[in-house]
Each structure stands twice: as C-alpha cells, then as structure tokens.
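Text of my_file-v4.cif, listed as mmCIF, C-alpha atoms and all ligand atoms:
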```cif
data_input
loop_
_atom_site.label_atom_id
_atom_site.label_comp_id
_atom_site.auth_asym_id
_atom_site.auth_seq_id
_atom_site.Cartn_x
_atom_site.Cartn_y
_atom_site.Cartn_z
CA MET W 1 -24.67 -16.70 -30.60
CA PRO W 2 -21.48 -18.69 -29.75
CA SER W 3 -21.88 -22.42 -29.22
CA PHE W 4 -21.78 -23.82 -25.67
CA LYS W 5 -18.43 -25.47 -26.45
CA LYS W 6 -16.95 -22.16 -27.59
CA MET W 7 -18.29 -20.36 -24.51
CA LYS W 8 -16.79 -23.00 -22.22
CA LYS W 9 -13.43 -22.54 -23.97
CA ARG W 10 -13.64 -18.76 -23.51
CA VAL W 11 -14.42 -19.06 -19.79
CA LYS W 12 -11.52 -21.47 -19.39
CA LYS W 13 -9.20 -19.02 -21.16
CA LYS W 14 -10.46 -16.09 -19.03
CA ASN W 15 -9.97 -17.98 -15.79
CA SER W 16 -6.51 -19.14 -16.79
CA GLY W 17 -5.28 -15.61 -15.88
CA LEU W 18 -5.99 -16.41 -12.24
CA SER W 19 -3.06 -18.31 -10.96
CA SER W 20 -2.08 -18.87 -7.37
CA GLY W 21 1.25 -20.56 -7.77
CA ARG W 22 2.45 -24.09 -8.18
CA GLY W 23 -0.24 -26.67 -7.59
CA ALA W 24 -2.48 -24.29 -5.62
CA THR W 25 -6.19 -24.21 -6.40
CA VAL W 26 -8.67 -21.49 -5.58
CA THR W 27 -12.31 -22.29 -5.08
CA ARG W 28 -14.95 -19.57 -5.19
CA ASN W 29 -16.57 -20.11 -1.82
CA SER W 30 -13.60 -20.82 0.38
CA ILE W 31 -11.14 -18.12 1.33
CA PRO W 32 -7.80 -18.52 -0.53
CA LEU W 33 -5.62 -18.40 2.60
CA CYS W 34 -1.87 -18.12 2.19
CA LYS W 35 -2.19 -17.64 -1.56
CA ILE W 36 -0.81 -14.96 -3.89
CA LEU W 37 -3.06 -14.54 -6.90
CA THR W 38 -2.08 -13.11 -10.26
CA SER W 39 -5.22 -11.16 -10.97
CA ASP W 40 -6.76 -7.73 -11.25
CA ASN W 41 -8.00 -6.79 -7.78
CA LEU W 42 -11.18 -5.00 -8.88
CA HIS W 43 -13.66 -7.48 -7.42
CA LEU W 44 -11.51 -9.63 -5.11
CA ALA W 45 -13.99 -12.24 -6.28
CA GLU W 46 -12.16 -15.13 -4.63
CA ILE W 47 -12.64 -13.65 -1.14
CA PRO W 48 -15.97 -14.05 0.69
CA ASP W 49 -17.64 -11.04 2.38
CA GLU W 50 -16.34 -10.09 5.84
CA SER W 51 -13.48 -12.55 5.98
CA VAL W 52 -10.38 -10.32 6.24
CA ASP W 53 -9.10 -8.75 9.48
CA LEU W 54 -6.60 -6.27 8.11
CA VAL W 55 -5.72 -4.83 4.70
CA VAL W 56 -2.18 -3.45 4.38
CA THR W 57 -1.41 -2.09 0.98
CA SER W 58 -0.01 0.57 -1.26
CA PRO W 59 -1.68 1.17 -4.63
CA PRO W 60 0.14 2.81 -7.55
CA TYR W 61 0.46 6.55 -6.88
CA PHE W 62 -1.38 7.82 -9.94
CA ASN W 63 1.06 7.50 -12.85
CA VAL W 64 4.45 7.74 -11.18
CA MET W 65 5.43 4.21 -12.18
CA ASP W 66 4.79 2.02 -15.20
CA TYR W 67 5.14 -1.42 -13.59
CA HIS W 68 4.66 -3.19 -16.90
CA LYS W 69 7.65 -1.34 -18.36
CA HIS W 70 9.61 -2.14 -15.20
CA ILE W 71 9.10 -5.88 -15.52
CA LYS W 72 10.00 -5.71 -19.20
CA GLY W 73 13.44 -4.71 -17.91
CA ASP W 74 13.53 -1.00 -18.75
CA LYS W 75 17.05 -0.21 -17.54
CA SER W 76 16.92 3.54 -18.26
CA GLU W 77 14.34 4.07 -15.49
CA ARG W 78 11.84 5.28 -18.10
CA TYR W 79 9.28 3.26 -16.16
CA ARG W 80 9.17 6.26 -13.84
CA VAL W 81 6.41 8.15 -15.66
CA THR W 82 5.40 11.56 -14.45
CA ARG W 83 3.61 12.96 -17.51
CA THR W 84 -0.07 13.12 -18.17
CA PRO W 85 -1.88 14.73 -21.14
CA ASP W 86 -4.77 16.12 -19.06
CA PHE W 87 -4.28 16.15 -15.31
CA GLU W 88 -7.89 16.87 -14.26
CA ARG W 89 -9.37 14.17 -16.49
CA ASP W 90 -6.71 11.49 -15.93
CA TYR W 91 -6.34 12.02 -12.19
CA ARG W 92 -10.13 11.95 -11.57
CA ALA W 93 -10.42 8.74 -13.63
CA PHE W 94 -7.57 7.15 -11.65
CA LEU W 95 -9.13 8.15 -8.34
CA SER W 96 -12.52 6.63 -9.27
CA ASP W 97 -10.74 3.46 -10.27
CA VAL W 98 -9.02 3.22 -6.87
CA THR W 99 -12.35 3.91 -5.12
CA ALA W 100 -13.99 1.07 -7.08
CA ARG W 101 -11.27 -1.24 -5.76
CA MET W 102 -11.68 0.12 -2.21
CA LYS W 103 -15.34 -0.87 -2.45
CA SER W 104 -14.22 -4.50 -2.73
CA VAL W 105 -11.78 -3.96 0.14
CA PHE W 106 -14.72 -2.73 2.23
CA ARG W 107 -16.80 -5.78 1.29
CA VAL W 108 -14.17 -8.34 2.31
CA LEU W 109 -13.18 -6.63 5.59
CA LYS W 110 -14.73 -7.95 8.76
CA ILE W 111 -16.79 -5.50 10.78
CA GLY W 112 -14.35 -3.44 12.84
CA GLY W 113 -11.46 -4.50 10.57
CA HIS W 114 -8.87 -1.93 9.45
CA ALA W 115 -7.39 -0.91 6.12
CA ALA W 116 -3.92 0.67 6.28
CA LEU W 117 -3.10 2.45 3.04
CA VAL W 118 0.41 3.73 2.42
CA LEU W 119 0.03 6.65 0.02
CA GLY W 120 2.11 9.49 -1.36
CA THR W 121 1.49 12.72 -3.21
CA SER W 122 3.20 13.04 -6.57
CA ILE W 123 4.40 15.72 -8.96
CA VAL W 124 3.04 15.28 -12.46
CA GLN W 125 3.91 17.17 -15.66
CA GLU W 126 1.07 18.08 -17.99
CA GLU W 127 1.66 18.19 -21.74
CA ASN W 128 1.36 21.97 -21.66
CA GLY W 129 4.52 22.05 -19.51
CA ARG W 130 2.76 22.90 -16.23
CA SER W 131 3.48 20.71 -13.24
CA ARG W 132 0.75 19.64 -10.84
CA HIS W 133 0.89 18.19 -7.34
CA ALA W 134 -1.55 15.25 -7.02
CA PRO W 135 -3.10 15.16 -3.49
CA PHE W 136 -3.76 11.43 -3.83
CA PRO W 137 -3.67 10.35 -0.11
CA PHE W 138 -6.25 12.95 0.90
CA ASP W 139 -8.55 12.27 -2.04
CA VAL W 140 -8.48 8.51 -1.46
CA VAL W 141 -9.54 9.05 2.17
CA SER W 142 -12.18 11.58 1.16
CA GLU W 143 -13.79 9.16 -1.33
CA ALA W 144 -13.47 6.18 1.03
CA THR W 145 -15.35 8.06 3.76
CA THR W 146 -17.97 9.79 1.61
CA ILE W 147 -18.70 7.57 -1.40
CA LEU W 148 -17.92 4.44 0.65
CA ASP W 149 -18.70 3.87 4.33
CA PHE W 150 -15.19 3.71 5.76
CA MET W 151 -14.47 5.49 9.04
CA PHE W 152 -11.27 7.58 9.18
CA GLN W 153 -9.14 6.51 12.13
CA GLU W 154 -5.57 7.83 11.80
CA CYS W 155 -3.22 9.65 9.50
CA ILE W 156 0.33 8.64 10.36
CA VAL W 157 2.95 10.69 8.56
CA TRP W 158 5.85 8.55 7.39
CA ASN W 159 9.05 10.61 7.61
CA LYS W 160 11.24 8.90 5.03
CA THR W 161 14.17 11.19 5.94
CA THR W 162 15.22 11.32 2.30
CA ALA W 163 13.59 13.17 -0.58
CA GLY W 164 11.68 11.35 -3.29
CA ALA W 165 11.25 14.66 -5.14
CA LYS W 166 14.02 17.19 -4.54
CA ARG W 167 12.50 20.63 -5.20
CA PHE W 168 14.02 23.07 -2.70
CA GLY W 169 16.78 23.98 -5.18
CA VAL W 170 14.28 26.26 -6.94
CA PHE W 171 14.06 28.40 -3.80
CA ILE W 172 17.83 28.42 -3.35
CA GLN W 173 18.06 29.90 -6.85
CA HIS W 174 15.13 32.32 -6.31
CA PRO W 175 14.83 32.99 -2.56
CA LYS W 176 11.60 34.96 -2.92
CA PRO W 177 7.97 34.36 -1.93
CA GLY W 178 6.21 32.14 -4.43
CA TYR W 179 9.27 30.00 -5.21
CA TYR W 180 8.92 27.65 -2.25
CA TYR W 181 8.61 24.01 -3.24
CA PRO W 182 9.76 21.76 -0.38
CA ASN W 183 11.52 18.44 -0.93
CA LEU W 184 8.97 15.66 -0.54
CA ILE W 185 10.20 13.43 2.27
CA THR W 186 6.90 12.18 3.64
CA GLU W 187 4.22 9.66 2.76
CA TYR W 188 1.02 8.92 4.66
CA ILE W 189 -0.26 5.82 6.36
CA MET W 190 -4.02 6.27 6.31
CA ILE W 191 -5.86 3.99 8.72
CA LEU W 192 -9.50 3.42 7.78
CA ARG W 193 -11.95 1.20 9.57
CA LYS W 194 -15.09 -0.69 8.63
CA PRO W 195 -17.56 0.74 11.13
CA TRP W 196 -18.24 -1.19 14.24
CA LEU W 197 -21.96 -1.74 14.72
CA GLU W 198 -23.74 -2.24 18.05
CA ASN W 199 -25.12 -5.65 17.12
CA PRO W 200 -23.15 -6.79 14.10
CA ALA W 201 -24.76 -9.55 12.13
CA GLY W 202 -21.49 -10.52 10.43
CA ASP W 203 -18.12 -11.79 11.55
CA ILE W 204 -16.33 -9.28 13.78
CA SER W 205 -12.62 -8.62 13.62
CA PHE W 206 -10.78 -9.25 16.90
CA ARG W 207 -11.92 -7.83 20.22
CA ARG W 208 -8.99 -5.79 21.50
CA ASP W 209 -9.26 -6.91 25.11
CA ASP W 210 -8.83 -10.55 24.05
CA ALA W 211 -5.69 -9.86 21.97
CA GLU W 212 -2.12 -10.62 23.06
CA GLU W 213 0.01 -7.85 24.60
CA ILE W 214 2.73 -6.22 22.52
CA GLU W 215 6.12 -5.46 24.07
CA ILE W 216 6.68 -1.72 24.61
CA THR W 217 10.18 -1.09 23.24
CA GLU W 218 12.38 2.05 23.25
CA VAL W 219 11.57 2.59 19.56
CA MET W 220 7.89 2.49 20.40
CA LYS W 221 8.27 5.10 23.13
CA LYS W 222 10.41 7.38 20.95
CA ASP W 223 8.80 6.94 17.54
CA THR W 224 5.70 4.69 17.21
CA ALA W 225 4.14 6.66 20.08
CA ASN W 226 3.67 9.65 17.76
CA SER W 227 1.76 10.15 14.54
CA LEU W 228 5.09 10.80 12.81
CA TRP W 229 7.03 7.60 12.07
CA THR W 230 10.68 7.93 11.09
CA MET W 231 12.03 5.25 8.81
CA ALA W 232 14.21 5.27 5.70
CA PRO W 233 12.69 3.63 2.61
CA VAL W 234 14.30 0.60 0.98
CA PRO W 235 17.35 2.01 -0.87
CA PRO W 236 17.03 1.93 -4.70
CA ASN W 237 19.95 -0.53 -5.12
CA VAL W 238 18.35 -2.99 -2.66
CA ALA W 239 14.96 -2.63 -4.40
CA LYS W 240 16.64 -3.22 -7.76
CA LYS W 241 18.28 -6.40 -6.47
CA LEU W 242 14.97 -7.54 -5.01
CA GLY W 243 13.16 -6.99 -8.34
CA HIS W 244 10.41 -4.51 -7.43
CA PRO W 245 10.75 -0.71 -7.74
CA CYS W 246 8.99 0.19 -4.47
CA PRO W 247 8.94 -2.57 -1.84
CA PHE W 248 7.68 -1.80 1.67
CA PRO W 249 10.37 -1.57 4.36
CA PRO W 250 9.58 -4.70 6.44
CA ASP W 251 9.69 -2.71 9.70
CA LEU W 252 6.96 -0.35 8.50
CA VAL W 253 4.47 -3.15 7.82
CA LYS W 254 5.57 -4.99 10.97
CA ARG W 255 4.38 -2.03 13.06
CA ILE W 256 1.04 -1.89 11.23
CA ILE W 257 0.38 -5.64 11.36
CA GLU W 258 1.28 -5.92 15.06
CA LEU W 259 -0.84 -2.89 15.97
CA TYR W 260 -3.97 -3.71 13.95
CA SER W 261 -4.31 -7.50 13.75
CA HIS W 262 -4.14 -10.49 16.02
CA ARG W 263 -2.21 -13.75 15.63
CA ARG W 264 -3.92 -16.09 13.18
CA GLY W 265 -5.86 -13.12 11.74
CA VAL W 266 -6.16 -12.73 7.96
CA VAL W 267 -4.08 -9.99 6.27
CA LEU W 268 -4.79 -8.99 2.67
CA ASP W 269 -2.60 -6.94 0.31
CA PRO W 270 -4.59 -6.33 -2.91
CA TRP W 271 -1.66 -4.48 -4.60
CA CYS W 272 1.03 -6.76 -3.18
CA GLY W 273 4.02 -6.22 -5.50
CA CYS W 274 6.84 -8.44 -4.27
CA GLY W 275 4.76 -9.25 -1.21
CA ILE W 276 6.67 -7.71 1.71
CA ALA W 277 3.43 -7.17 3.69
CA LEU W 278 2.57 -10.85 3.20
CA GLN W 279 6.08 -11.97 4.13
CA VAL W 280 5.85 -10.01 7.40
CA ALA W 281 2.28 -11.22 8.05
CA ASN W 282 3.46 -14.80 7.64
CA ASP W 283 6.43 -14.18 9.94
CA LEU W 284 4.10 -12.75 12.61
CA GLY W 285 1.82 -15.81 12.51
CA ARG W 286 -0.97 -14.22 10.47
CA LYS W 287 -2.63 -15.77 7.43
CA TYR W 288 -2.19 -13.82 4.21
CA ILE W 289 -3.75 -13.28 0.78
CA GLY W 290 -2.09 -11.24 -1.97
CA TYR W 291 -3.09 -9.98 -5.40
CA ASP W 292 -0.96 -8.43 -8.10
CA ILE W 293 -1.74 -8.03 -11.76
CA GLU W 294 1.84 -8.87 -12.80
CA GLU W 295 2.76 -12.56 -12.68
CA LYS W 296 6.45 -11.72 -12.38
CA TYR W 297 5.87 -9.86 -9.10
CA CYS W 298 3.59 -12.64 -7.83
CA LYS W 299 6.25 -15.26 -8.57
CA LEU W 300 8.75 -13.18 -6.62
CA ALA W 301 6.27 -12.72 -3.76
CA ARG W 302 5.58 -16.48 -3.58
CA LYS W 303 9.33 -17.01 -3.25
CA LEU W 304 9.86 -14.30 -0.62
CA VAL W 305 6.83 -15.04 1.53
CA ASN W 306 8.50 -17.94 3.29
CA VAL W 307 11.83 -16.18 3.77
CA LYS W 308 12.48 -14.45 7.11
CA PRO W 309 12.01 -10.66 6.60
CA LYS W 310 15.14 -8.53 6.96
CA TYR W 311 14.15 -6.35 9.92
CA ARG W 312 16.45 -3.50 10.87
CA VAL W 313 18.77 -3.89 13.85
CA GLN W 314 19.19 -0.14 14.29
CA HIS W 315 16.34 2.36 14.17
CA LEU W 316 16.15 6.07 13.49
CA VAL W 317 14.35 8.12 16.11
CA PRO W 318 13.82 11.88 15.90
CA GLN W 319 15.83 14.24 18.05
CA TYR W 320 15.25 17.99 18.04
CA ASN W 321 18.05 20.52 18.52
CA LEU W 322 17.70 24.19 19.36
CA ILE W 323 19.46 26.31 16.79
CA GLY W 324 19.86 30.08 16.49
CA GLY W 325 20.92 32.78 18.91
CA GLU W 326 19.82 33.47 22.46
CA SER W 327 16.14 32.93 23.13
CA CYS W 328 14.16 36.05 24.19
CA ASP W 329 13.42 34.61 27.65
CA SER W 330 17.10 33.94 28.53
C1 LIG A 401 3.12 0.49 -5.01
S1 LIG A 401 3.26 -1.13 -5.68
C2 LIG A 401 3.13 -2.16 -4.24
C3 LIG A 401 4.46 -2.60 -3.71
C4 LIG A 401 4.36 -3.48 -2.47
N1 LIG A 401 3.95 -2.71 -1.33
C5 LIG A 401 5.67 -4.22 -2.15
O1 LIG A 401 6.08 -4.33 -0.97
O2 LIG A 401 6.31 -4.71 -3.10
C6 LIG A 401 1.73 -1.36 -6.50
C7 LIG A 401 1.53 -2.72 -7.15
O3 LIG A 401 0.19 -2.78 -7.67
C8 LIG A 401 0.18 -3.65 -8.80
N2 LIG A 401 -1.06 -3.39 -9.55
C9 LIG A 401 -1.33 -2.34 -10.38
N3 LIG A 401 -2.58 -2.44 -10.85
C10 LIG A 401 -3.14 -3.55 -10.29
C11 LIG A 401 -4.42 -4.17 -10.39
N4 LIG A 401 -5.37 -3.67 -11.17
N5 LIG A 401 -4.66 -5.29 -9.67
C12 LIG A 401 -3.67 -5.83 -8.88
N6 LIG A 401 -2.43 -5.28 -8.76
C13 LIG A 401 -2.17 -4.16 -9.46
C14 LIG A 401 1.48 -3.30 -9.53
O4 LIG A 401 1.89 -4.35 -10.38
C15 LIG A 401 2.43 -3.04 -8.35
O5 LIG A 401 3.22 -4.17 -8.06
#
```
Write out the structure in this file as structure tokens.
Amino acid sequence: MPSFKKMKKRVKKKNSGLSSGRGATVTRNSIPLCKILTSDNLHLAEIPDESVDLVVTSPPYFNVMDYHKHIKGDKSERYRVTRTPDFERDYRAFLSDVTARMKSVFRVLKIGGHAALVLGTSIVQEENGRSRHAPFPFDVVSEATTILDFMFQECIVWNKTTAGAKRFGVFIQHPKPGYYYPNLITEYIMILRKPWLENPAGDISFRRDDAEEIEITEVMKKDTANSLWTMAPVPPNVAKKLGHPCPFPPDLVKRIIELYSHRRGVVLDPWCGCGIALQVANDLGRKYIGYDIEEKYCKLARKLVNVKPKYRVQHLVPQYNLIGGESCDS
C-alpha cells in the first residue's frame, strides 16, 4: 500500500498533464470557459453536465494521421498513416473509442443542444495488401443514435472540390465494370442533437424564437440553402505554415456556429487541434472550451484564438451546365 504522501505526489503528477495555458486555473465544479485544455477528452471531466450549447469538432479519421509524428516534425509526410494490420479489429476498436468519447459529449450538452461532427471516409491498406474503405461518418452516427441517445438531424455533404484520395485513374487505365473507384472529394457534416424533452429538468439550449436573426446573403441562397456545401479545404501549404495538418476552413465552422448557437452560448471542440472552431466561436461572441491531447497544438490554439479568423472574401457556389448532344425533347 503506498503511503499517503506518495499517493498525493502521484495525483499531483497525474493532474499536471491538465494545463489550460498561462496562469489559467481549472476548478472541477465550474465550467472552464474560454480555456483550451491539454488533456485526453475521454471524460471531459472539467465540464459539468448540460452546460454546453454546441459541439463543433472533427475527430481523427481512424488512422489516416499520426499527429504525434506530425508534431515531432516528420518532414517526409510519413505522419500520414494509412496502414492497419487487421482492419476489422482495429477499426471496430477505434469506433468504440470514439463512441465512448461521444458519451461524454452527450453528457455535457444541454438538452436540445447540437453536436456538429465533420467526418470523412478513408482508404486504409491492410497488411495483406488489400485496401479497405472505412465508412467512419456513417458508423459514428449509427453508434451515436443506437448505443447513445443522440437524435440524427442532418447530413450535410461538404463538397471540397478537390480530391483527398485520387482514385479515378484506375478506371482510366481499365475502363471496365468493377474498376470504378471515384476520387474522394466529399466529407460529411453530421448534425446530431440531444433530444428535446417536453418538460426538461435540466438547462435547455437556446429557444430558437428568442435568438437573433441571421442575414440572408447570396452565398446562403446559392449554397448554404442546400445540404451540399461547396468550399475548398485549407490548402496544404497554408496548413503547414499554420502548424496543424488539417485545420478547419474558418468559413465552414462560421456557418455551423451561426446556424446552431446563439451569442454568448458555449461552444466546445473536444478534438480542437489548432483551435479554428474556437477562434471563430470567439469572433462570433460565443464562449469556447477546447481540448487536445497534444500540448503543441493547444499552445498554437491559445495563440490563434484571439486573432481575427481569415474568412474568405470570395466564395464558390455550384453552377450546373448541360453537356452532350441534343436532348430527346428538343
Ligand atoms: C482532425 S484533428 C482536428 C483539427 C481541428 N479541427 C483544427 O481546426 O485544427 C483531430 C485532433 O484530435 C487530437 N486528438 C487525438 N486524440 C485525442 C484525444 N484522445 N483527446 C483529445 N484530443 C485528441 C489530435 O491531436 C488532433 O489535433
């Protein structure tokens, strides 16, 4: 049995991993508003039940990225991992781990509050040489609505206009059935909601009729209006300069935060990376809380959070053209 002194030392050491930046302190029973915590997000232990209005986040997409290698300065891009010894086993284990974290997200959300998850599918190579396509966005939603009590609200397809995985070349070489592998140019913004009860005992997220009006812009009419949002991702050279391999485009999170939270509401990003969602939340007059396991990303996020986000001046909107010969009704 360790002595009391030794135990106290151990607890102190364990808690020293939880840092919230220069001079900031986090107490267990008060919500750590406007803080970015270097911590594993499994329990979100610093956040009381039903205290967050909106979660905007993007977890790691299975094993496509080794963030630890990235922060160690791996210049050869070997931090982009796409191999797994046993897909079924490793993918299932990863999915259960994400669901365990979503359970904490559910706990801290206010009744009626939303969780917007930006998720992508990924191509993974097994050791036996076979490649597998991980349907991560759909499985996360399935577990969140069956194992957990989330309500599914929307699936917004994010048209990134540029391919993360370029695969169509296979078909160009073998233009035959069975060789079709499209370029992957989309991700998914899954909107989940903590169910709204008739007579909620807890704190309720905002009532929509009391919220402020949002200006209806041309971009809204031509793009946000539909469940297909067109927006280029942050270019790799800009991400590299910023110091995180996959930052959110500020305009993407701006849409989500404006549409699903009210001014002074609390926005949480439990996988915050360099904190773009928190930066935008702050800019839009919301309170924020961020978690990331890597101190280097948290340091960067604490620096960026008070800088004005770089919103785009010009926006892409889809336009469809008729191609081909004469139509049969002409
Ligand atoms: C897809 S990135 C998020 C990027 C973010 N949207 C941005 O704008 O920079 C996922 C992040 O989750 C962090 N992460 C991975 N495991 C974690 C854990 N157990 N707890 C907290 N953060 C974790 C990684 O360090 C990484 O920065």
Taking all atoms listed in the file into account, produce a table as a tab-separated table in which each residue of range 210-289 of chain W with an atom at most 10 Å from an atom of range 31-46 of chain W appears once, together with its shortest atom pair and the distance in Å to one decimal, ordered by chain and rising number.
```
residue	atom	partner	partner_atom	distance
W:Val266	CA	W:Leu33	CA	7.8
W:Val267	CA	W:Leu33	CA	9.3
W:Leu268	CA	W:Leu33	CA	9.4
W:Asp269	CA	W:Ile36	CA	9.2
W:Pro270	CA	W:Asn41	CA	6.0
W:Trp271	CA	W:Asn41	CA	7.5
W:Cys272	CA	W:Ile36	CA	8.4
W:Gly275	CA	W:Ile36	CA	8.4
W:Leu278	CA	W:Cys34	CA	8.6
W:Ala281	CA	W:Cys34	CA	10.0
W:Asn282	CA	W:Cys34	CA	8.3
W:Arg286	CA	W:Cys34	CA	9.2
W:Lys287	CA	W:Cys34	CA	5.8
W:Tyr288	CA	W:Cys34	CA	4.8
W:Ile289	CA	W:Lys35	CA	5.2
```
Keeping C-alpha atoms, export the residues of the selection given above as a PDB file, keeping the file's coordinate frame.
```pdb
ATOM      1  CA  VAL W 266      -6.160 -12.730   7.960  1.00  0.00           C
ATOM      2  CA  VAL W 267      -4.080  -9.990   6.270  1.00  0.00           C
ATOM      3  CA  LEU W 268      -4.790  -8.990   2.670  1.00  0.00           C
ATOM      4  CA  ASP W 269      -2.600  -6.940   0.310  1.00  0.00           C
ATOM      5  CA  PRO W 270      -4.590  -6.330  -2.910  1.00  0.00           C
ATOM      6  CA  TRP W 271      -1.660  -4.480  -4.600  1.00  0.00           C
ATOM      7  CA  CYS W 272       1.030  -6.760  -3.180  1.00  0.00           C
ATOM      8  CA  GLY W 275       4.760  -9.250  -1.210  1.00  0.00           C
ATOM      9  CA  LEU W 278       2.570 -10.850   3.200  1.00  0.00           C
ATOM     10  CA  ALA W 281       2.280 -11.220   8.050  1.00  0.00           C
ATOM     11  CA  ASN W 282       3.460 -14.800   7.640  1.00  0.00           C
ATOM     12  CA  ARG W 286      -0.970 -14.220  10.470  1.00  0.00           C
ATOM     13  CA  LYS W 287      -2.630 -15.770   7.430  1.00  0.00           C
ATOM     14  CA  TYR W 288      -2.190 -13.820   4.210  1.00  0.00           C
ATOM     15  CA  ILE W 289      -3.750 -13.280   0.780  1.00  0.00           C
TER      16      ILE W 289
END
```
Residues of chain W at most 6 Å from ligand LIG 401 (chain A): nearest atom pair and distance in Å, all atoms listed in the file, as a tab-separated table:
```
residue	atom	partner	partner_atom	distance
W:Ser39	CA	A:LIG401	C12	5.9
W:Asp40	CA	A:LIG401	N5	3.6
W:Asn41	CA	A:LIG401	N5	4.1
W:Thr57	CA	A:LIG401	N1	5.9
W:Ser58	CA	A:LIG401	C1	4.9
W:Pro59	CA	A:LIG401	C6	4.6
W:Pro60	CA	A:LIG401	C1	4.6
W:Tyr67	CA	A:LIG401	O4	5.4
W:His244	CA	A:LIG401	O2	6.0
W:Cys246	CA	A:LIG401	C3	5.4
W:Pro247	CA	A:LIG401	O1	3.5
W:Phe248	CA	A:LIG401	O1	4.0
W:Trp271	CA	A:LIG401	O3	4.0
W:Cys272	CA	A:LIG401	C4	4.7
W:Gly273	CA	A:LIG401	O5	3.4
W:Cys274	CA	A:LIG401	O2	3.9
W:Gly275	CA	A:LIG401	O1	5.1
W:Ile276	CA	A:LIG401	O1	4.4
W:Tyr291	CA	A:LIG401	C12	5.4
W:Asp292	CA	A:LIG401	N6	3.5
W:Ile293	CA	A:LIG401	C12	4.1
W:Glu294	CA	A:LIG401	O4	5.1
```
Exercise. Point out the residue among W:Pro137, W:Gly129, W:Pro177, W:Gly265 with the least atom-to-atom distance to Gly285 in chain W, counting all atoms listed in the file.
Key: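 Nearest candidate to Gly285 in chain W out of W:Pro137, W:Gly129, W:Pro177, W:Gly265: W:Gly265.
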| Which residue gives the smallest distance to Ile216 in chain W among W:His133, W:Arg255, W:Arg312, W:Lys160, with all atoms listed in the file counted? |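 Selected residue with least distance to Ile216 in chain W: W:Arg255.
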Check your understanding: Between CA of Leu304 in chain W and CA of Gln279 in chain W, what is the distance, to one decimal in Å?
Key ->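 Interatomic distance, CA of Leu304 in chain W to CA of Gln279 in chain W: 6.5 Å.
CA of Tyr311 in chain W lies 27.3 Å from CA of Asp210 in chain W.
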Of W:Glu258, W:Glu326, W:Asp251, W:Glu143, the one sitting nearest Ala211 in chain W when using all atoms listed in the file is W:Glu258
Here CA of Gly243 in chain W and CA of Tyr297 in chain W stand apart by 7.9 Å
In terms of only C-alpha atoms, the residue from W:Ile256, W:Arg107, W:Glu88, W:Arg83 at minimal distance from Glu127 in chain W is W:Arg83
List the neighbours of Glu212 in chain W out to 12 Å using only C-alpha atoms; skip same-chain residues closer than 6 positions along the sequence, and give me the result as a PyMOL selection string. chain W and resi 206+258-264
Expected file contents, prior selection, C-alpha atoms, as a PDB file, in the frame of the given file:
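Result saved to selection-v4.pdb:
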```pdb
ATOM      1  CA  PHE W 206     -10.780  -9.250  16.900  1.00  0.00           C
ATOM      2  CA  GLU W 258       1.280  -5.920  15.060  1.00  0.00           C
ATOM      3  CA  LEU W 259      -0.840  -2.890  15.970  1.00  0.00           C
ATOM      4  CA  TYR W 260      -3.970  -3.710  13.950  1.00  0.00           C
ATOM      5  CA  SER W 261      -4.310  -7.500  13.750  1.00  0.00           C
ATOM      6  CA  HIS W 262      -4.140 -10.490  16.020  1.00  0.00           C
ATOM      7  CA  ARG W 263      -2.210 -13.750  15.630  1.00  0.00           C
ATOM      8  CA  ARG W 264      -3.920 -16.090  13.180  1.00  0.00           C
TER       9      ARG W 264
END
```
**OP:** Return the single residue from W:Tyr61, W:Lys69, W:Ile123, W:His114 that is closest to Trp196 in chain W, with distances computed using all atoms listed in the file.
**Re:**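 Looking only at the distances to Trp196 in chain W, the closest residue turns out to be W:His114.
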What would range 112-127 of chain W look like with N, CA and C atoms restored, written as a CSV table (one decimal), keeping the file's coordinate frame?
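In the end it all went to rebuild20.csv:
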```csv
chain,number,residue,atom,x,y,z
W,112,GLY,N,-15.4,-3.9,11.9
W,112,GLY,CA,-14.4,-3.4,12.8
W,112,GLY,C,-12.9,-3.6,12.3
W,113,GLY,N,-12.8,-4.3,11.1
W,113,GLY,CA,-11.5,-4.5,10.6
W,113,GLY,C,-10.9,-3.2,10.0
W,114,HIS,N,-9.6,-3.1,9.9
W,114,HIS,CA,-8.9,-1.9,9.4
W,114,HIS,C,-8.3,-2.1,8.1
W,115,ALA,N,-8.1,-1.0,7.4
W,115,ALA,CA,-7.4,-0.9,6.1
W,115,ALA,C,-6.3,0.1,6.3
W,116,ALA,N,-5.1,-0.3,6.2
W,116,ALA,CA,-3.9,0.7,6.3
W,116,ALA,C,-3.4,0.9,4.9
W,117,LEU,N,-3.5,2.1,4.4
W,117,LEU,CA,-3.1,2.4,3.0
W,117,LEU,C,-1.9,3.3,3.1
W,118,VAL,N,-0.8,2.9,2.5
W,118,VAL,CA,0.4,3.7,2.4
W,118,VAL,C,0.4,4.5,1.1
W,119,LEU,N,0.3,5.8,1.2
W,119,LEU,CA,0.0,6.6,0.0
W,119,LEU,C,1.0,7.9,0.0
W,120,GLY,N,1.3,8.3,-1.2
W,120,GLY,CA,2.1,9.5,-1.4
W,120,GLY,C,1.5,10.5,-2.4
W,121,THR,N,1.9,11.7,-2.2
W,121,THR,CA,1.5,12.7,-3.2
W,121,THR,C,2.5,12.6,-4.3
W,122,SER,N,2.2,13.1,-5.5
W,122,SER,CA,3.2,13.0,-6.6
W,122,SER,C,3.2,14.3,-7.5
W,123,ILE,N,4.3,14.6,-8.0
W,123,ILE,CA,4.4,15.7,-9.0
W,123,ILE,C,4.3,15.2,-10.4
W,124,VAL,N,3.4,15.8,-11.1
W,124,VAL,CA,3.0,15.3,-12.5
W,124,VAL,C,3.2,16.4,-13.5
W,125,GLN,N,3.8,16.1,-14.6
W,125,GLN,CA,3.9,17.2,-15.7
W,125,GLN,C,2.8,17.0,-16.6
W,126,GLU,N,2.1,18.1,-16.9
W,126,GLU,CA,1.1,18.1,-18.0
W,126,GLU,C,1.8,18.3,-19.3
W,127,GLU,N,1.0,18.0,-20.4
W,127,GLU,CA,1.7,18.2,-21.7
W,127,GLU,C,1.9,19.7,-22.0
```
